[in-house]
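Enquirer: Pasting in a structure now, in structure tokens, and then I'll have a few things to ask.
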Amino acid sequence: MSQYPFTQADLEALKAWDTPTICNALELVVPARRTHGFTVRPVQCAYPNMKPICGLARVGTIRAAFPSGRSKDDDRAARIGWYEYVAKAAMPTIVVLQDLDDVPGTGAFWGEVNSAVHKGLGAEGCVTNGSFRDLDALAPEFQLLGVINPSHAYVHVVDWARPVSVYGMACVSDDVIHADRHGAVVIPHEAVTKLPAAIDLLTRKEAVILDMARAKGFNIKKLKAALAASEDIH
């Protein structure tokens, strides 16, 4: 039996909606998550027109402002250890990478090489407070949310598989992450299969208001009627 209360197909289905819609649905399904569990700072997006990504979190930390202080062999071992961790997943993944530098993004971990490597290892993209570069050479359809910077400085892997926080979004290994150009959100495991029904309900409630607002002769009286009708939809 799967260790997850959802399937890969369930995660794939959530890509039909943007991340704000997922956040709206979570307000119904998991009301306690209304004020946390998502990024709260603007991000730059490598592929603004790409559909949302959704997968299991692979979490790690990096630094770039100074050399690691480790031997070359130890640096290589850390990088390989990180890759092995990313590759060991039951479903497609999303990397959540926290830059620990005082000025996050001083050195770019992501570029032509790492985007290709991680895509090959089953990752769909990354959410980071760090930086990426090589905009014209990134792996196609590998989404990146972060900041843009031309240099990799002394970028190196610090640790992995421990809790991280990126732009206010706390995350651990195997959390479900949904992300697009708006940012990212953690979806509790038990909420994954409940979201489509919640989205359907919200869509029907909003449709009453939107249809009225877009119709000829819309006024405050009709708005009040639409709001009342929306509240009656369950």
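Labels for the structure tokens follow display order: chains A, B, ..., residues from 1 in each chain, ligands from 1.
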Can you pull out the residues contacting A:Asp159? Cut-off 9 Å, using only C-alpha atoms, and skip same-chain residues under 3 positions away; I want them as a PyMOL selection string.

Expert: chain A and resi 59-62+78+82+162

Enquirer: Just N, CA and C atoms for this one: save the residues we selected as a compact mmCIF listing (two decimals), in the first residue's frame.

Expert:
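Below you can see selection.txt, which holds the result:
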```
# COMPACT_ATOMS: atom_id res chain seq x y z
N VAL A 59 14.06 19.05 -0.23
CA VAL A 59 14.47 20.28 0.44
C VAL A 59 15.97 20.29 0.73
N GLY A 60 16.57 21.48 0.62
CA GLY A 60 17.99 21.61 0.90
C GLY A 60 18.38 23.05 1.17
N THR A 61 19.63 23.23 1.57
CA THR A 61 20.16 24.57 1.84
C THR A 61 21.48 24.75 1.09
N ILE A 62 21.75 26.00 0.71
CA ILE A 62 22.98 26.35 0.00
C ILE A 62 23.55 27.63 0.59
N ALA A 78 29.15 16.10 -1.12
CA ALA A 78 27.92 16.79 -0.75
C ALA A 78 27.01 16.97 -1.95
N TRP A 82 23.34 15.21 -2.41
CA TRP A 82 22.14 15.96 -2.75
C TRP A 82 21.43 15.36 -3.95
N ARG A 162 16.42 18.35 5.59
CA ARG A 162 16.04 18.99 6.85
C ARG A 162 15.06 20.12 6.55
```

Enquirer: Could you list, as a list in words, every residue within 7 Å of A:Cys126, counting only C-alpha atoms and ignoring same-chain residues fewer than 5 positions away?

Expert: Ile94, Val95, Val96, Gln143, Leu144 and Leu145 of chain A

Enquirer: When you draw a straight line from atom CA of A:Ala108 to atom CA of A:Thr128, how long is it in Å?

Expert: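 Atom CA of A:Ala108 sits 10.4 Å away from atom CA of A:Thr128.
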
Enquirer: Among stretch 88-197 of chain A, which residues carry a DSSP assignment of strand (DSSP E), reported as a PyMOL selection string?

Expert: chain A and resi 93-99+108-110+123-132+143-148+156-160+164-166+169-171+176-180+183-187

Enquirer: If we count only C-alpha atoms, what is near stretch 31-43 of chain A at a cut-off of 10 Å, once residues fewer than 6 positions away on the same chain are taken out, given as a PDB file with N, CA, C and O atoms, in the first residue's frame?

Expert:
```
ATOM      1  N   THR A  19      -1.998  28.439  -8.802  1.00  0.00           N
ATOM      2  CA  THR A  19      -1.717  28.352  -7.374  1.00  0.00           C
ATOM      3  C   THR A  19      -2.664  29.211  -6.532  1.00  0.00           C
ATOM      4  O   THR A  19      -3.057  28.789  -5.433  1.00  0.00           O
ATOM      5  N   CYS A  23      -4.830  27.860  -3.330  1.00  0.00           N
ATOM      6  CA  CYS A  23      -4.883  28.526  -2.017  1.00  0.00           C
ATOM      7  C   CYS A  23      -6.328  28.797  -1.595  1.00  0.00           C
ATOM      8  O   CYS A  23      -6.685  28.616  -0.426  1.00  0.00           O
ATOM      9  N   ASN A  24      -7.167  29.239  -2.524  1.00  0.00           N
ATOM     10  CA  ASN A  24      -8.576  29.471  -2.215  1.00  0.00           C
ATOM     11  C   ASN A  24      -9.245  28.201  -1.710  1.00  0.00           C
ATOM     12  O   ASN A  24      -9.995  28.211  -0.729  1.00  0.00           O
ATOM     13  N   ALA A  25      -8.975  27.093  -2.403  1.00  0.00           N
ATOM     14  CA  ALA A  25      -9.595  25.824  -2.020  1.00  0.00           C
ATOM     15  C   ALA A  25      -9.096  25.336  -0.675  1.00  0.00           C
ATOM     16  O   ALA A  25      -9.855  24.760   0.115  1.00  0.00           O
ATOM     17  N   VAL A 127      11.594  26.054  -6.137  1.00  0.00           N
ATOM     18  CA  VAL A 127      11.207  27.285  -5.461  1.00  0.00           C
ATOM     19  C   VAL A 127      12.354  27.640  -4.528  1.00  0.00           C
ATOM     20  O   VAL A 127      12.744  26.827  -3.688  1.00  0.00           O
ATOM     21  N   THR A 128      12.921  28.837  -4.681  1.00  0.00           N
ATOM     22  CA  THR A 128      14.096  29.201  -3.896  1.00  0.00           C
ATOM     23  C   THR A 128      14.119  30.688  -3.596  1.00  0.00           C
ATOM     24  O   THR A 128      13.588  31.491  -4.380  1.00  0.00           O
ATOM     25  N   ASN A 129      14.727  31.057  -2.475  1.00  0.00           N
ATOM     26  CA  ASN A 129      15.020  32.465  -2.228  1.00  0.00           C
ATOM     27  C   ASN A 129      16.395  32.820  -2.789  1.00  0.00           C
ATOM     28  O   ASN A 129      16.845  33.956  -2.673  1.00  0.00           O
ATOM     29  N   LEU A 144      11.439  27.605 -12.547  1.00  0.00           N
ATOM     30  CA  LEU A 144      12.262  28.159 -11.480  1.00  0.00           C
ATOM     31  C   LEU A 144      11.618  29.427 -10.948  1.00  0.00           C
ATOM     32  O   LEU A 144      11.280  30.337 -11.719  1.00  0.00           O
ATOM     33  N   LEU A 145      11.449  29.489  -9.640  1.00  0.00           N
ATOM     34  CA  LEU A 145      10.959  30.682  -8.964  1.00  0.00           C
ATOM     35  C   LEU A 145      12.037  31.136  -7.999  1.00  0.00           C
ATOM     36  O   LEU A 145      12.447  30.381  -7.111  1.00  0.00           O
ATOM     37  N   GLY A 146      12.525  32.349  -8.150  1.00  0.00           N
ATOM     38  CA  GLY A 146      13.592  32.868  -7.299  1.00  0.00           C
ATOM     39  C   GLY A 146      13.973  34.260  -7.747  1.00  0.00           C
ATOM     40  O   GLY A 146      13.114  35.073  -8.074  1.00  0.00           O
ATOM     41  N   VAL A 147      15.281  34.535  -7.773  1.00  0.00           N
ATOM     42  CA  VAL A 147      15.794  35.802  -8.283  1.00  0.00           C
ATOM     43  C   VAL A 147      16.833  35.500  -9.354  1.00  0.00           C
ATOM     44  O   VAL A 147      17.331  34.375  -9.454  1.00  0.00           O
ATOM     45  N   ILE A 148      17.158  36.493 -10.156  1.00  0.00           N
ATOM     46  CA  ILE A 148      18.094  36.300 -11.265  1.00  0.00           C
ATOM     47  C   ILE A 148      19.416  36.972 -10.943  1.00  0.00           C
ATOM     48  O   ILE A 148      19.452  38.090 -10.438  1.00  0.00           O
ATOM     49  N   SER A 165      12.792  27.017   5.002  1.00  0.00           N
ATOM     50  CA  SER A 165      11.780  28.052   4.855  1.00  0.00           C
ATOM     51  C   SER A 165      12.203  28.967   3.713  1.00  0.00           C
ATOM     52  O   SER A 165      13.301  29.515   3.730  1.00  0.00           O
ATOM     53  N   VAL A 166      11.339  29.117   2.733  1.00  0.00           N
ATOM     54  CA  VAL A 166      11.609  29.955   1.571  1.00  0.00           C
ATOM     55  C   VAL A 166      10.502  30.982   1.416  1.00  0.00           C
ATOM     56  O   VAL A 166       9.336  30.633   1.224  1.00  0.00           O
ATOM     57  N   TYR A 167      10.858  32.247   1.575  1.00  0.00           N
ATOM     58  CA  TYR A 167       9.886  33.337   1.467  1.00  0.00           C
ATOM     59  C   TYR A 167       8.668  33.103   2.350  1.00  0.00           C
ATOM     60  O   TYR A 167       7.523  33.333   1.948  1.00  0.00           O
ATOM     61  N   GLY A 168       8.907  32.618   3.564  1.00  0.00           N
ATOM     62  CA  GLY A 168       7.824  32.410   4.516  1.00  0.00           C
ATOM     63  C   GLY A 168       7.137  31.069   4.413  1.00  0.00           C
ATOM     64  O   GLY A 168       6.287  30.741   5.247  1.00  0.00           O
ATOM     65  N   MET A 169       7.469  30.269   3.408  1.00  0.00           N
ATOM     66  CA  MET A 169       6.862  28.947   3.238  1.00  0.00           C
ATOM     67  C   MET A 169       7.755  27.893   3.879  1.00  0.00           C
ATOM     68  O   MET A 169       8.820  27.568   3.362  1.00  0.00           O
ATOM     69  N   ALA A 170       7.334  27.377   5.032  1.00  0.00           N
ATOM     70  CA  ALA A 170       8.062  26.300   5.699  1.00  0.00           C
ATOM     71  C   ALA A 170       7.760  24.989   4.991  1.00  0.00           C
ATOM     72  O   ALA A 170       6.633  24.735   4.560  1.00  0.00           O
ATOM     73  N   CYS A 171       8.783  24.130   4.889  1.00  0.00           N
ATOM     74  CA  CYS A 171       8.631  22.932   4.068  1.00  0.00           C
ATOM     75  C   CYS A 171       9.557  21.828   4.561  1.00  0.00           C
ATOM     76  O   CYS A 171      10.673  22.102   5.005  1.00  0.00           O
ATOM     77  N   ILE A 177       3.980  20.205  -2.998  1.00  0.00           N
ATOM     78  CA  ILE A 177       4.162  21.599  -3.393  1.00  0.00           C
ATOM     79  C   ILE A 177       3.427  21.863  -4.706  1.00  0.00           C
ATOM     80  O   ILE A 177       3.539  21.085  -5.658  1.00  0.00           O
ATOM     81  N   HIS A 178       2.685  22.943  -4.741  1.00  0.00           N
ATOM     82  CA  HIS A 178       2.053  23.425  -5.975  1.00  0.00           C
ATOM     83  C   HIS A 178       2.625  24.808  -6.242  1.00  0.00           C
ATOM     84  O   HIS A 178       2.707  25.642  -5.332  1.00  0.00           O
ATOM     85  N   ALA A 179       3.053  25.070  -7.471  1.00  0.00           N
ATOM     86  CA  ALA A 179       3.705  26.345  -7.767  1.00  0.00           C
ATOM     87  C   ALA A 179       3.434  26.786  -9.195  1.00  0.00           C
ATOM     88  O   ALA A 179       3.290  25.957 -10.106  1.00  0.00           O
ATOM     89  N   ARG A 181       3.681  30.960 -11.542  1.00  0.00           N
ATOM     90  CA  ARG A 181       4.304  32.283 -11.568  1.00  0.00           C
ATOM     91  C   ARG A 181       3.902  33.157 -10.377  1.00  0.00           C
ATOM     92  O   ARG A 181       4.558  34.157 -10.094  1.00  0.00           O
ATOM     93  N   HIS A 182       2.837  32.784  -9.677  1.00  0.00           N
ATOM     94  CA  HIS A 182       2.405  33.566  -8.516  1.00  0.00           C
ATOM     95  C   HIS A 182       3.215  33.259  -7.268  1.00  0.00           C
ATOM     96  O   HIS A 182       3.275  34.079  -6.344  1.00  0.00           O
ATOM     97  N   GLY A 183       3.800  32.061  -7.204  1.00  0.00           N
ATOM     98  CA  GLY A 183       4.493  31.606  -6.011  1.00  0.00           C
ATOM     99  C   GLY A 183       4.199  30.140  -5.765  1.00  0.00           C
ATOM    100  O   GLY A 183       3.871  29.393  -6.698  1.00  0.00           O
ATOM    101  N   ALA A 184       4.282  29.715  -4.504  1.00  0.00           N
ATOM    102  CA  ALA A 184       4.124  28.302  -4.186  1.00  0.00           C
ATOM    103  C   ALA A 184       3.354  28.129  -2.892  1.00  0.00           C
ATOM    104  O   ALA A 184       3.312  29.027  -2.041  1.00  0.00           O
ATOM    105  N   VAL A 185       2.768  26.936  -2.731  1.00  0.00           N
ATOM    106  CA  VAL A 185       2.028  26.607  -1.518  1.00  0.00           C
ATOM    107  C   VAL A 185       2.246  25.140  -1.175  1.00  0.00           C
ATOM    108  O   VAL A 185       2.399  24.303  -2.072  1.00  0.00           O
ATOM    109  N   VAL A 186       2.285  24.855   0.126  1.00  0.00           N
ATOM    110  CA  VAL A 186       2.335  23.476   0.606  1.00  0.00           C
ATOM    111  C   VAL A 186       0.904  22.967   0.768  1.00  0.00           C
ATOM    112  O   VAL A 186       0.074  23.631   1.408  1.00  0.00           O
ATOM    113  N   ILE A 187       0.622  21.813   0.195  1.00  0.00           N
ATOM    114  CA  ILE A 187      -0.694  21.187   0.324  1.00  0.00           C
ATOM    115  C   ILE A 187      -0.589  20.031   1.309  1.00  0.00           C
ATOM    116  O   ILE A 187       0.142  19.070   1.053  1.00  0.00           O
ATOM    117  N   PRO A 188      -1.291  20.079   2.434  1.00  0.00           N
ATOM    118  CA  PRO A 188      -1.270  18.937   3.350  1.00  0.00           C
ATOM    119  C   PRO A 188      -1.695  17.656   2.647  1.00  0.00           C
ATOM    120  O   PRO A 188      -2.596  17.679   1.789  1.00  0.00           O
TER     121      PRO A 188
END
```

Enquirer: Where in stretch 8-205 of chain A does DSSP assign helix (DSSP H, G or I), given as a compact mmCIF listing (two decimals) with N, CA, C and O atoms, in the first residue's frame?

Expert:
```txt
# COMPACT_ATOMS: atom_id res chain seq x y z
N GLN A 8 0.00 9.70 -7.98
CA GLN A 8 0.63 10.65 -8.90
C GLN A 8 -0.43 11.31 -9.78
O GLN A 8 -0.33 12.49 -10.12
N ALA A 9 -1.44 10.54 -10.14
CA ALA A 9 -2.53 11.10 -10.97
C ALA A 9 -3.26 12.21 -10.24
O ALA A 9 -3.70 13.20 -10.85
N ASP A 10 -3.40 12.08 -8.91
CA ASP A 10 -4.04 13.14 -8.12
C ASP A 10 -3.23 14.43 -8.18
O ASP A 10 -3.79 15.53 -8.29
N LEU A 11 -1.90 14.30 -8.10
CA LEU A 11 -1.05 15.49 -8.18
C LEU A 11 -1.11 16.09 -9.58
O LEU A 11 -1.15 17.32 -9.74
N GLU A 12 -1.11 15.24 -10.58
CA GLU A 12 -1.19 15.72 -11.96
C GLU A 12 -2.48 16.50 -12.19
O GLU A 12 -2.49 17.53 -12.88
N ALA A 13 -3.56 16.04 -11.59
CA ALA A 13 -4.85 16.70 -11.77
C ALA A 13 -4.84 18.12 -11.22
O ALA A 13 -5.51 19.01 -11.76
N LEU A 14 -4.06 18.37 -10.17
CA LEU A 14 -4.03 19.70 -9.56
C LEU A 14 -3.33 20.73 -10.44
O LEU A 14 -3.44 21.94 -10.20
N LYS A 15 -2.63 20.28 -11.47
CA LYS A 15 -1.98 21.22 -12.39
C LYS A 15 -2.98 21.94 -13.28
O LYS A 15 -2.61 22.87 -14.01
N ALA A 16 -4.23 21.51 -13.23
CA ALA A 16 -5.26 22.16 -14.05
C ALA A 16 -5.62 23.55 -13.51
O ALA A 16 -6.25 24.34 -14.21
N THR A 19 -2.00 28.44 -8.80
CA THR A 19 -1.72 28.35 -7.37
C THR A 19 -2.66 29.21 -6.53
O THR A 19 -3.06 28.79 -5.43
N PRO A 20 -3.08 30.41 -6.97
CA PRO A 20 -4.08 31.14 -6.19
C PRO A 20 -5.38 30.35 -6.01
O PRO A 20 -6.00 30.40 -4.93
N THR A 21 -5.80 29.62 -7.03
CA THR A 21 -7.02 28.81 -6.91
C THR A 21 -6.82 27.69 -5.89
O THR A 21 -7.73 27.39 -5.10
N ILE A 22 -5.63 27.08 -5.90
CA ILE A 22 -5.32 26.06 -4.90
C ILE A 22 -5.38 26.66 -3.50
O ILE A 22 -5.94 26.07 -2.57
N CYS A 23 -4.83 27.86 -3.33
CA CYS A 23 -4.88 28.53 -2.02
C CYS A 23 -6.33 28.80 -1.59
O CYS A 23 -6.68 28.62 -0.43
N ASN A 24 -7.17 29.24 -2.52
CA ASN A 24 -8.58 29.47 -2.22
C ASN A 24 -9.25 28.20 -1.71
O ASN A 24 -10.00 28.21 -0.73
N ALA A 25 -8.97 27.09 -2.40
CA ALA A 25 -9.60 25.82 -2.02
C ALA A 25 -9.10 25.34 -0.68
O ALA A 25 -9.85 24.76 0.11
N LEU A 26 -7.84 25.58 -0.38
CA LEU A 26 -7.29 25.18 0.92
C LEU A 26 -7.98 25.92 2.06
O LEU A 26 -8.09 25.40 3.18
N GLU A 27 -8.46 27.13 1.80
CA GLU A 27 -9.18 27.88 2.83
C GLU A 27 -10.46 27.16 3.25
O GLU A 27 -10.91 27.27 4.39
N LEU A 28 -11.04 26.40 2.31
CA LEU A 28 -12.22 25.61 2.63
C LEU A 28 -11.85 24.27 3.27
O LEU A 28 -12.46 23.86 4.26
N VAL A 29 -10.86 23.61 2.69
CA VAL A 29 -10.52 22.25 3.11
C VAL A 29 -9.73 22.24 4.41
O VAL A 29 -9.93 21.38 5.27
N PRO A 31 -9.02 25.17 6.87
CA PRO A 31 -9.14 26.58 7.25
C PRO A 31 -7.99 27.11 8.10
O PRO A 31 -7.63 28.29 8.01
N ALA A 32 -7.39 26.25 8.90
CA ALA A 32 -6.29 26.69 9.77
C ALA A 32 -5.06 27.12 8.98
O ALA A 32 -4.16 27.78 9.52
N ARG A 33 -4.99 26.75 7.70
CA ARG A 33 -3.83 27.08 6.87
C ARG A 33 -4.01 28.39 6.12
O ARG A 33 -3.22 28.72 5.23
N LYS A 72 37.88 19.61 -1.65
CA LYS A 72 37.22 19.42 -2.94
C LYS A 72 36.45 18.10 -2.97
O LYS A 72 35.32 18.03 -3.49
N ASP A 73 37.02 17.06 -2.37
CA ASP A 73 36.34 15.76 -2.32
C ASP A 73 35.06 15.85 -1.48
O ASP A 73 34.04 15.25 -1.84
N ASP A 74 35.12 16.58 -0.38
CA ASP A 74 33.94 16.72 0.46
C ASP A 74 32.85 17.53 -0.23
O ASP A 74 31.65 17.24 -0.10
N ASP A 75 33.25 18.55 -0.96
CA ASP A 75 32.27 19.32 -1.74
C ASP A 75 31.59 18.43 -2.78
O ASP A 75 30.38 18.49 -2.97
N ARG A 76 32.40 17.63 -3.46
CA ARG A 76 31.85 16.73 -4.47
C ARG A 76 30.90 15.72 -3.82
O ARG A 76 29.83 15.42 -4.35
N ALA A 77 31.29 15.20 -2.66
CA ALA A 77 30.45 14.22 -1.97
C ALA A 77 29.12 14.84 -1.55
O ALA A 77 28.07 14.20 -1.63
N ALA A 78 29.15 16.10 -1.12
CA ALA A 78 27.92 16.79 -0.75
C ALA A 78 27.01 16.97 -1.95
O ALA A 78 25.79 16.75 -1.87
N ARG A 79 27.60 17.34 -3.07
CA ARG A 79 26.79 17.52 -4.29
C ARG A 79 26.17 16.19 -4.73
O ARG A 79 24.98 16.14 -5.08
N ILE A 80 26.95 15.12 -4.69
CA ILE A 80 26.43 13.81 -5.07
C ILE A 80 25.35 13.35 -4.08
O ILE A 80 24.32 12.79 -4.48
N GLY A 81 25.58 13.60 -2.79
CA GLY A 81 24.58 13.24 -1.80
C GLY A 81 23.26 13.94 -2.04
O GLY A 81 22.18 13.34 -1.90
N TRP A 82 23.34 15.21 -2.41
CA TRP A 82 22.14 15.96 -2.75
C TRP A 82 21.43 15.36 -3.95
O TRP A 82 20.22 15.15 -3.93
N TYR A 83 22.19 15.05 -5.01
CA TYR A 83 21.58 14.47 -6.19
C TYR A 83 20.92 13.12 -5.88
O TYR A 83 19.83 12.82 -6.40
N GLU A 84 21.55 12.32 -5.07
CA GLU A 84 20.98 11.02 -4.71
C GLU A 84 19.66 11.20 -3.96
O GLU A 84 18.69 10.46 -4.17
N TYR A 85 19.63 12.18 -3.09
CA TYR A 85 18.40 12.47 -2.34
C TYR A 85 17.28 12.92 -3.27
O TYR A 85 16.13 12.46 -3.15
N VAL A 86 17.60 13.79 -4.22
CA VAL A 86 16.58 14.26 -5.17
C VAL A 86 16.05 13.11 -6.00
O VAL A 86 14.84 13.01 -6.28
N ALA A 87 16.94 12.21 -6.40
CA ALA A 87 16.57 11.11 -7.30
C ALA A 87 15.71 10.06 -6.61
O ALA A 87 14.96 9.33 -7.27
N GLU A 112 22.09 26.31 -16.66
CA GLU A 112 21.93 25.31 -17.71
C GLU A 112 22.16 23.88 -17.20
O GLU A 112 21.38 22.97 -17.46
N VAL A 113 23.25 23.69 -16.45
CA VAL A 113 23.62 22.34 -16.02
C VAL A 113 22.66 21.79 -14.97
O VAL A 113 22.08 20.71 -15.12
N ASN A 114 22.49 22.53 -13.87
CA ASN A 114 21.67 21.98 -12.79
C ASN A 114 20.20 21.83 -13.16
O ASN A 114 19.53 20.92 -12.68
N SER A 115 19.69 22.71 -14.01
CA SER A 115 18.30 22.53 -14.43
C SER A 115 18.16 21.24 -15.24
O SER A 115 17.19 20.49 -15.06
N ALA A 116 19.14 20.95 -16.11
CA ALA A 116 19.09 19.72 -16.90
C ALA A 116 19.26 18.49 -16.02
O ALA A 116 18.54 17.48 -16.18
N VAL A 117 20.19 18.55 -15.08
CA VAL A 117 20.44 17.41 -14.20
C VAL A 117 19.20 17.11 -13.36
O VAL A 117 18.75 15.95 -13.26
N HIS A 118 18.63 18.13 -12.73
CA HIS A 118 17.49 17.89 -11.85
C HIS A 118 16.26 17.46 -12.64
O HIS A 118 15.49 16.61 -12.15
N LYS A 119 16.06 18.01 -13.82
CA LYS A 119 14.94 17.54 -14.64
C LYS A 119 15.12 16.07 -14.97
O LYS A 119 14.17 15.29 -14.90
N GLY A 120 16.35 15.68 -15.29
CA GLY A 120 16.63 14.28 -15.58
C GLY A 120 16.41 13.36 -14.39
O GLY A 120 16.12 12.17 -14.55
N HIS A 189 -1.07 16.56 2.97
CA HIS A 189 -1.36 15.29 2.29
C HIS A 189 -2.84 14.97 2.29
O HIS A 189 -3.39 14.53 1.27
N GLU A 190 -3.50 15.16 3.43
CA GLU A 190 -4.90 14.77 3.54
C GLU A 190 -5.82 15.67 2.72
O GLU A 190 -7.00 15.33 2.50
N ALA A 191 -5.31 16.80 2.24
CA ALA A 191 -6.13 17.74 1.48
C ALA A 191 -6.08 17.50 -0.03
O ALA A 191 -6.95 17.98 -0.76
N VAL A 192 -5.09 16.76 -0.49
CA VAL A 192 -4.85 16.64 -1.94
C VAL A 192 -6.10 16.19 -2.69
O VAL A 192 -6.53 16.81 -3.67
N THR A 193 -6.73 15.11 -2.25
CA THR A 193 -7.86 14.55 -3.00
C THR A 193 -9.16 15.32 -2.75
O THR A 193 -10.15 15.10 -3.45
N LYS A 194 -9.16 16.22 -1.77
CA LYS A 194 -10.36 17.00 -1.46
C LYS A 194 -10.42 18.31 -2.25
O LYS A 194 -11.48 18.95 -2.31
N LEU A 195 -9.31 18.71 -2.83
CA LEU A 195 -9.26 20.03 -3.47
C LEU A 195 -10.15 20.14 -4.71
O LEU A 195 -10.80 21.18 -4.90
N PRO A 196 -10.19 19.14 -5.61
CA PRO A 196 -11.04 19.32 -6.80
C PRO A 196 -12.50 19.64 -6.47
O PRO A 196 -13.11 20.51 -7.11
N ALA A 197 -13.08 18.96 -5.48
CA ALA A 197 -14.47 19.24 -5.11
C ALA A 197 -14.61 20.65 -4.53
O ALA A 197 -15.60 21.35 -4.81
N ALA A 198 -13.63 21.07 -3.74
CA ALA A 198 -13.67 22.42 -3.18
C ALA A 198 -13.56 23.47 -4.27
O ALA A 198 -14.24 24.50 -4.23
N ILE A 199 -12.71 23.22 -5.25
CA ILE A 199 -12.56 24.15 -6.38
C ILE A 199 -13.85 24.24 -7.18
O ILE A 199 -14.27 25.32 -7.61
N ASP A 200 -14.50 23.10 -7.38
CA ASP A 200 -15.77 23.09 -8.11
C ASP A 200 -16.80 23.95 -7.38
O ASP A 200 -17.53 24.74 -8.00
N LEU A 201 -16.87 23.81 -6.06
CA LEU A 201 -17.82 24.61 -5.28
C LEU A 201 -17.51 26.10 -5.40
O LEU A 201 -18.41 26.92 -5.65
N LEU A 202 -16.25 26.46 -5.22
CA LEU A 202 -15.87 27.86 -5.32
C LEU A 202 -16.16 28.43 -6.71
O LEU A 202 -16.60 29.58 -6.84
N THR A 203 -15.90 27.63 -7.73
CA THR A 203 -16.14 28.09 -9.10
C THR A 203 -17.62 28.38 -9.33
O THR A 203 -17.98 29.39 -9.96
N ARG A 204 -18.48 27.50 -8.82
CA ARG A 204 -19.92 27.71 -8.99
C ARG A 204 -20.40 28.94 -8.21
O ARG A 204 -21.26 29.70 -8.69
N LYS A 205 -19.85 29.16 -7.03
CA LYS A 205 -20.25 30.32 -6.22
C LYS A 205 -19.78 31.62 -6.88
O LYS A 205 -20.51 32.62 -6.91
```

Enquirer: Which distance in Å separates atom CA of A:Ala161 and atom CA of A:Pro140, to one decimal?

Expert: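 We find that atom CA of A:Ala161 and atom CA of A:Pro140 lie 26.3 Å from each other.
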
Enquirer: Given only C-alpha atoms as the basis, pick out the residue of A:Gly111, A:Pro52, A:Asp99, A:Asn219 nearest to A:Asp136.

Expert: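 Once distances to A:Asp136 are computed over only C-alpha atoms, the minimum belongs to A:Gly111.
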
Enquirer: Between atom CA of A:Val157 and atom CA of A:Arg63, what distance in Å does the model show, to one decimal?

Expert: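 Atom CA of A:Val157 sits 6.8 Å away from atom CA of A:Arg63.
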